[in-house]
>>> print(open('upload-v4.tsv').read())   # TSV, C-alpha atoms and all ligand atoms
chain	number	residue	atom	x	y	z
N	1	MET	CA	-6.87	0.22	7.80
N	2	PHE	CA	-8.64	-0.16	4.49
N	3	ILE	CA	-6.48	-1.13	1.50
N	4	THR	CA	-7.82	-1.66	-2.00
N	5	PHE	CA	-6.19	-3.23	-5.05
N	6	GLU	CA	-6.99	-2.08	-8.52
N	7	GLY	CA	-5.77	-2.88	-11.98
N	8	PRO	CA	-6.71	-3.88	-15.48
N	9	GLU	CA	-7.47	-7.49	-16.35
N	10	GLY	CA	-4.75	-10.04	-15.56
N	11	SER	CA	-2.80	-7.73	-13.29
N	12	GLY	CA	-2.44	-10.56	-10.75
N	13	LYS	CA	-4.48	-9.12	-7.89
N	14	SER	CA	-6.11	-12.42	-7.03
N	15	SER	CA	-2.79	-14.20	-6.47
N	16	GLN	CA	-1.06	-11.28	-4.72
N	17	LEU	CA	-3.76	-10.67	-2.11
N	18	PRO	CA	-3.66	-14.06	-0.34
N	19	ALA	CA	0.14	-13.88	-0.07
N	20	LEU	CA	-0.06	-10.38	1.39
N	21	ALA	CA	-2.78	-11.41	3.84
N	22	GLU	CA	-0.67	-14.33	5.08
N	23	PHE	CA	2.36	-12.09	5.49
N	24	LEU	CA	0.43	-9.50	7.51
N	25	GLU	CA	-1.03	-12.22	9.70
N	26	THR	CA	2.46	-13.50	10.55
N	27	LEU	CA	3.20	-9.95	11.76
N	28	GLY	CA	0.21	-10.15	14.08
N	29	TYR	CA	-2.32	-8.11	12.12
N	30	LYS	CA	-5.91	-9.30	11.96
N	31	VAL	CA	-6.71	-9.37	8.28
N	32	VAL	CA	-9.93	-9.61	6.29
N	33	ARG	CA	-9.63	-10.33	2.60
N	34	THR	CA	-12.49	-9.76	0.21
N	35	ARG	CA	-13.28	-9.02	-3.40
N	36	GLU	CA	-15.67	-7.19	-5.66
N	37	PRO	CA	-18.14	-7.73	-7.05
N	38	GLY	CA	-19.11	-10.19	-4.32
N	39	GLY	CA	-17.74	-10.80	-0.86
N	40	THR	CA	-21.12	-11.34	0.79
N	41	LYS	CA	-23.87	-13.89	0.18
N	42	ILE	CA	-25.98	-11.27	-1.59
N	43	GLY	CA	-23.00	-9.79	-3.41
N	44	ASP	CA	-21.97	-13.20	-4.76
N	45	GLN	CA	-25.43	-13.64	-6.27
N	46	ILE	CA	-25.14	-10.23	-7.93
N	47	ARG	CA	-21.66	-11.19	-9.19
N	48	GLU	CA	-23.14	-14.18	-11.03
N	49	VAL	CA	-25.38	-11.88	-13.06
N	50	LEU	CA	-22.49	-9.54	-13.84
N	51	VAL	CA	-19.91	-12.02	-15.05
N	52	ARG	CA	-22.05	-14.54	-16.97
N	53	MET	CA	-21.11	-14.70	-20.63
N	54	GLU	CA	-24.74	-15.08	-21.73
N	55	ASN	CA	-25.80	-11.80	-20.07
N	56	ALA	CA	-24.54	-9.82	-23.05
N	57	GLU	CA	-27.62	-7.55	-23.12
N	58	LEU	CA	-26.90	-6.12	-19.64
N	59	HIS	CA	-27.28	-2.37	-20.08
N	60	PRO	CA	-24.44	-0.16	-18.77
N	61	ARG	CA	-26.83	1.57	-16.33
N	62	THR	CA	-28.07	-1.77	-15.03
N	63	GLU	CA	-24.49	-2.91	-14.74
N	64	ILE	CA	-23.50	0.08	-12.60
N	65	LEU	CA	-26.43	-0.36	-10.26
N	66	LEU	CA	-25.52	-4.00	-9.76
N	67	PHE	CA	-21.88	-3.21	-9.00
N	68	LEU	CA	-23.00	-0.52	-6.57
N	69	ALA	CA	-25.59	-2.76	-4.94
N	70	ALA	CA	-22.98	-5.45	-4.28
N	71	ARG	CA	-20.63	-2.78	-2.90
N	72	ALA	CA	-23.21	-1.23	-0.57
N	73	GLN	CA	-23.84	-4.66	0.93
N	74	LEU	CA	-20.11	-5.36	1.30
N	75	VAL	CA	-19.43	-2.03	2.99
N	76	GLU	CA	-22.20	-2.47	5.55
N	77	GLU	CA	-21.90	-6.19	6.17
N	78	LEU	CA	-18.15	-6.67	6.18
N	79	ILE	CA	-15.89	-3.66	5.64
N	80	ILE	CA	-17.19	-1.19	8.23
N	81	PRO	CA	-17.62	-3.80	11.00
N	82	SER	CA	-14.10	-5.17	10.33
N	83	LEU	CA	-12.55	-1.70	10.43
N	84	GLU	CA	-14.37	-1.01	13.67
N	85	GLU	CA	-12.73	-4.15	15.10
N	86	GLY	CA	-9.32	-2.77	14.16
N	87	LYS	CA	-8.70	-5.22	11.33
N	88	VAL	CA	-6.79	-4.64	8.11
N	89	VAL	CA	-9.23	-4.98	5.23
N	90	LEU	CA	-7.77	-5.98	1.86
N	91	CYS	CA	-10.25	-5.58	-0.96
N	92	ASP	CA	-9.73	-6.81	-4.52
N	93	ARG	CA	-11.36	-3.89	-6.44
N	94	TYR	CA	-13.57	-1.13	-5.00
N	95	GLY	CA	-15.06	2.19	-6.12
N	96	ASP	CA	-12.15	3.05	-8.40
N	97	SER	CA	-13.06	0.05	-10.57
N	98	THR	CA	-16.41	1.69	-11.24
N	99	LEU	CA	-14.73	4.95	-12.23
N	100	ALA	CA	-12.17	3.14	-14.41
N	101	TYR	CA	-14.50	0.61	-16.09
N	102	GLN	CA	-17.89	2.32	-16.22
N	103	GLY	CA	-16.54	5.88	-16.33
N	104	TYR	CA	-13.39	5.82	-18.43
N	105	GLY	CA	-14.17	2.48	-20.13
N	106	HIS	CA	-17.85	2.94	-21.05
N	107	GLY	CA	-17.78	6.74	-21.04
N	108	LEU	CA	-20.35	7.33	-18.31
N	109	ASP	CA	-20.26	10.70	-16.60
N	110	LEU	CA	-17.58	10.65	-13.90
N	111	ASP	CA	-19.17	13.24	-11.63
N	112	ARG	CA	-22.45	11.39	-11.61
N	113	LEU	CA	-20.64	8.13	-10.89
N	114	ARG	CA	-18.79	9.79	-8.02
N	115	SER	CA	-22.01	10.87	-6.36
N	116	MET	CA	-23.50	7.40	-6.84
N	117	LEU	CA	-20.38	5.92	-5.29
N	118	GLN	CA	-20.67	8.24	-2.35
N	119	PHE	CA	-24.21	6.94	-1.80
N	120	ALA	CA	-23.27	3.25	-2.19
N	121	THR	CA	-20.25	3.36	0.09
N	122	ALA	CA	-21.66	5.78	2.69
N	123	GLY	CA	-18.56	7.83	1.88
N	124	LEU	CA	-16.06	5.17	2.91
N	125	LYS	CA	-12.75	5.65	1.10
N	126	PRO	CA	-9.63	3.48	1.22
N	127	ASP	CA	-6.56	4.58	3.19
N	128	LEU	CA	-4.34	3.14	0.47
N	129	THR	CA	-5.03	1.98	-3.09
N	130	ILE	CA	-2.45	-0.06	-4.94
N	131	LEU	CA	-2.64	-0.05	-8.72
N	132	LEU	CA	-1.17	-3.23	-10.18
N	133	ASP	CA	-0.31	-1.90	-13.56
N	134	VAL	CA	0.19	-4.12	-16.57
N	135	ASP	CA	-0.16	-3.47	-20.27
N	136	VAL	CA	-3.50	-4.52	-21.65
N	137	LEU	CA	-2.36	-7.26	-24.03
N	138	THR	CA	-0.14	-8.97	-21.46
N	139	GLY	CA	-2.95	-8.86	-18.90
N	140	LEU	CA	-5.61	-10.26	-21.21
N	141	LYS	CA	-3.27	-13.04	-22.36
N	142	ARG	CA	-2.60	-14.00	-18.74
N	143	LYS	CA	-6.32	-14.17	-18.04
N	144	LYS	CA	-7.08	-16.27	-21.11
N	145	ALA	CA	-4.24	-18.64	-20.25
N	146	LYS	CA	-5.73	-19.15	-16.77
N	147	ASP	CA	-9.13	-19.90	-18.33
N	148	GLU	CA	-10.77	-17.13	-16.31
N	149	TRP	CA	-12.39	-15.40	-19.26
N	150	ASN	CA	-15.67	-13.67	-18.46
N	151	ARG	CA	-18.25	-11.33	-20.05
N	152	LEU	CA	-16.33	-8.22	-19.09
N	153	ASP	CA	-13.02	-9.40	-20.54
N	154	ALA	CA	-14.64	-9.83	-23.92
N	155	PHE	CA	-14.93	-6.06	-24.56
N	156	GLU	CA	-12.72	-4.71	-27.33
N	157	LEU	CA	-9.09	-3.85	-26.71
N	158	SER	CA	-9.68	-0.08	-26.80
N	159	PHE	CA	-12.08	-0.46	-23.86
N	160	HIS	CA	-9.33	-2.06	-21.78
N	161	GLU	CA	-6.87	0.65	-22.88
N	162	ARG	CA	-9.28	3.33	-21.67
N	163	VAL	CA	-9.62	1.51	-18.36
N	164	ARG	CA	-5.86	1.39	-17.86
N	165	ASN	CA	-5.41	5.05	-18.77
N	166	GLY	CA	-8.32	5.93	-16.49
N	167	TYR	CA	-6.53	4.29	-13.57
N	168	HIS	CA	-3.48	6.43	-14.23
N	169	GLU	CA	-5.61	9.58	-14.25
N	170	LEU	CA	-7.30	8.60	-10.99
N	171	ALA	CA	-3.92	7.90	-9.39
N	172	ALA	CA	-2.58	11.26	-10.54
N	173	GLU	CA	-5.58	13.06	-9.02
N	174	GLU	CA	-5.01	11.61	-5.55
N	175	PRO	CA	-1.30	10.76	-5.30
N	176	GLU	CA	-1.40	10.56	-1.51
N	177	ARG	CA	-3.83	7.62	-1.64
N	178	TRP	CA	-2.47	5.72	-4.66
N	179	ARG	CA	0.71	3.72	-5.22
N	180	ILE	CA	1.54	2.19	-8.59
N	181	VAL	CA	3.30	-1.19	-8.85
N	182	ASP	CA	4.65	-2.56	-12.11
N	183	ALA	CA	2.75	-5.86	-12.32
N	184	SER	CA	4.62	-7.11	-15.37
N	185	GLU	CA	7.51	-8.08	-13.05
N	186	SER	CA	7.70	-11.58	-11.51
N	187	ALA	CA	5.07	-12.45	-8.90
N	188	GLU	CA	7.79	-12.41	-6.20
N	189	CYS	CA	8.98	-8.91	-7.13
N	190	VAL	CA	5.42	-7.60	-7.21
N	191	GLN	CA	4.70	-9.16	-3.81
N	192	SER	CA	7.75	-7.65	-2.16
N	193	GLU	CA	6.94	-4.21	-3.58
N	194	ILE	CA	3.36	-4.49	-2.29
N	195	ARG	CA	4.58	-5.55	1.16
N	196	LYS	CA	6.92	-2.58	1.33
N	197	LEU	CA	4.17	-0.11	0.44
N	198	VAL	CA	1.62	-1.61	2.80
N	199	LEU	CA	4.07	-1.66	5.72
N	200	GLN	CA	4.93	1.98	5.09
N	201	THR	CA	1.27	2.92	5.30
N	202	LEU	CA	0.62	0.78	8.38
N	203	GLU	CA	3.62	2.34	10.13
N	204	ASN	CA	2.61	5.88	9.18
N	205	LYS	CA	-0.91	5.28	10.44
N	206	SER	CA	0.21	3.99	13.81
N	207	VAL	CA	2.43	7.03	14.62
S	1	LIG	P1	-13.18	-10.67	-11.98
S	1	LIG	O1	-13.23	-12.02	-12.59
S	1	LIG	O2	-13.25	-10.55	-10.50
S	1	LIG	O3	-11.92	-9.94	-12.57
S	1	LIG	P2	-10.59	-9.49	-11.90
S	1	LIG	O4	-9.91	-10.75	-11.45
S	1	LIG	O5	-9.89	-8.79	-13.02
S	1	LIG	O6	-10.95	-8.56	-10.77
S	1	LIG	O7	-14.33	-9.81	-12.64
S	1	LIG	C1	-14.61	-8.56	-12.22
S	1	LIG	C2	-14.87	-7.73	-13.44
S	1	LIG	O8	-15.76	-6.68	-13.11
S	1	LIG	C3	-13.62	-7.07	-14.00
S	1	LIG	O9	-13.67	-7.16	-15.41
S	1	LIG	C4	-13.77	-5.62	-13.60
S	1	LIG	C5	-15.25	-5.43	-13.56
S	1	LIG	N1	-15.73	-4.39	-12.65
S	1	LIG	C6	-16.37	-3.25	-13.17
S	1	LIG	O10	-16.51	-3.13	-14.39
S	1	LIG	N2	-16.83	-2.30	-12.32
S	1	LIG	C7	-16.73	-2.42	-10.96
S	1	LIG	O11	-17.19	-1.53	-10.20
S	1	LIG	C8	-16.09	-3.60	-10.43
S	1	LIG	C9	-15.96	-3.81	-8.96
S	1	LIG	C10	-15.61	-4.56	-11.32
>>> encode(input="upload-v4.tsv", output="structure tokens")
Amino acid sequence: MFITFEGPEGSGKSSQLPALAEFLETLGYKVVRTREPGGTKIGDQIREVLVRMENAELHPRTEILLFLAARAQLVEELIIPSLEEGKVVLCDRYGDSTLAYQGYGHGLDLDRLRSMLQFATAGLKPDLTILLDVDVLTGLKRKKAKDEWNRLDAFELSFHERVRNGYHELAAEEPERWRIVDASESAECVQSEIRKLVLQTLENKSV
């Protein structure tokens, strides 16, 4: 079972995922948790280039290729082998981040991005994608408060608004894959909602 988590900045993915992984493990599931960009030795090196504040001149096309390169490595090295072993893979961001950020955010052609994604992921799609939805200002404030500011957060507000709206469009296009969780609620509420949705999907898959 392949589950991805998406959302605008500061939606709380990085704190919700470990708690979910622990919960699933107590139920006896074998869980692999990873994140993008990164998640492999090569991917983490690519991540460094992408998030560094001083890399301001990174061209949008270069940026996409780096995200996709990190993803291709992650799919081959970790995600596919883990799924083959019957594990539950929880991934913090995946292909939908490219559509939301590079497509809706930077205005790159969505159809072209989709075919590049198909190449990079060898066609692997998540079984479930949870959108942790939070309004842009709240999310950015949370991130700044945690001192996790990076090159990508520094884009103007309208960029982040386009990203958030893009996520909603993507979710509306494939409602059977996406679930939306209101991430402005307390961390406990968000976690229990996520657990409910994930259990539903795991139960549906096993029947
Ligand atoms: P990160 O610090 O991991 O942010 P977050 O905790 O919000 O996931 O930085 C990842 C950044 O990269 C984030 O701003 C989203 C962006 N991103 C893209 O623009 N395209 C992509 O394909 C991916 C995977 C991430």
>>> residues_near_ligand(input="upload-v4.tsv", ligand="ligand LIG 1 (chain S)", cutoff="6 Å", atoms="all atoms listed in the file", output="JSON, numbers by chain")
{"N": [9, 10, 36, 37, 67, 93, 94, 95, 97, 98, 101, 102, 152, 153]}
>>> closest_atom_pairs(input="upload-v4.tsv", of="range 6-31 of chain N", to="range 180-196 of chain N", cutoff="10 Å", atoms="all atoms listed in the file", output="JSON lines")
{"residue": "N:Glu6", "atom": "CA", "partner": "N:Ile180", "partner_atom": "CA", "distance": 9.5}
{"residue": "N:Gly7", "atom": "CA", "partner": "N:Ala183", "partner_atom": "CA", "distance": 9.0}
{"residue": "N:Gly10", "atom": "CA", "partner": "N:Ala183", "partner_atom": "CA", "distance": 9.2}
{"residue": "N:Ser11", "atom": "CA", "partner": "N:Ala183", "partner_atom": "CA", "distance": 5.9}
{"residue": "N:Gly12", "atom": "CA", "partner": "N:Ala183", "partner_atom": "CA", "distance": 7.2}
{"residue": "N:Lys13", "atom": "CA", "partner": "N:Ala183", "partner_atom": "CA", "distance": 9.1}
{"residue": "N:Ser15", "atom": "CA", "partner": "N:Ala187", "partner_atom": "CA", "distance": 8.4}
{"residue": "N:Gln16", "atom": "CA", "partner": "N:Gln191", "partner_atom": "CA", "distance": 6.2}
{"residue": "N:Leu17", "atom": "CA", "partner": "N:Gln191", "partner_atom": "CA", "distance": 8.8}
{"residue": "N:Ala19", "atom": "CA", "partner": "N:Gln191", "partner_atom": "CA", "distance": 7.6}
{"residue": "N:Leu20", "atom": "CA", "partner": "N:Arg195", "partner_atom": "CA", "distance": 6.7}
{"residue": "N:Ala21", "atom": "CA", "partner": "N:Arg195", "partner_atom": "CA", "distance": 9.8}
{"residue": "N:Phe23", "atom": "CA", "partner": "N:Arg195", "partner_atom": "CA", "distance": 8.2}
{"residue": "N:Leu24", "atom": "CA", "partner": "N:Arg195", "partner_atom": "CA", "distance": 8.6}
>>> axis_aligned_box(input="upload-v4.tsv", around="range 5-20 of chain N", padding_each_side="6 Å", output="AutoDock Vina command-line options")
--center_x -3.7 --center_y -8.1 --center_z -7.5 --size_x 19.6 --size_y 24.1 --size_z 29.7
>>> closest_residue(input="upload-v4.tsv", among="N:Ala171, N:Ala120, N:Val136, N:Val31", to="Phe155 in chain N", atoms="only C-alpha atoms")
N:Val136
>>> closest_residue(input="upload-v4.tsv", among="N:Leu58, N:Ile46, N:Met116, N:Leu170", to="Ala100 in chain N", atoms="all atoms listed in the file")
N:Leu170
>>> residues_around(input="upload-v4.tsv", residues="Leu50 in chain N", least_positions_apart="3", cutoff="12 Å", atoms="all atoms listed in the file", output="number ranges by chain")
N: 36-38, 43-47, 53-60, 62-70, 150-153
>>> closest_residue(input="upload-v4.tsv", among="N:Ile80, N:Leu90, N:Ala172, N:Val75", to="Leu128 in chain N", atoms="only C-alpha atoms")
N:Leu90
>>> atom_distance(input="upload-v4.tsv", atom1="CA of Glu203 in chain N", atom2="CA of Thr121 in chain N")
25.9 Å
>>> atom_distance(input="upload-v4.tsv", atom1="CA of Glu84 in chain N", atom2="CA of Met1 in chain N")
9.6 Å
>>> closest_residue(input="upload-v4.tsv", among="N:Ile3, N:Leu27, N:Ile42, N:Val198", to="Glu77 in chain N", atoms="all atoms listed in the file")
N:Ile42
>>> atom_distance(input="upload-v4.tsv", atom1="CA of Thr26 in chain N", atom2="CA of Lys146 in chain N")
29.1 Å
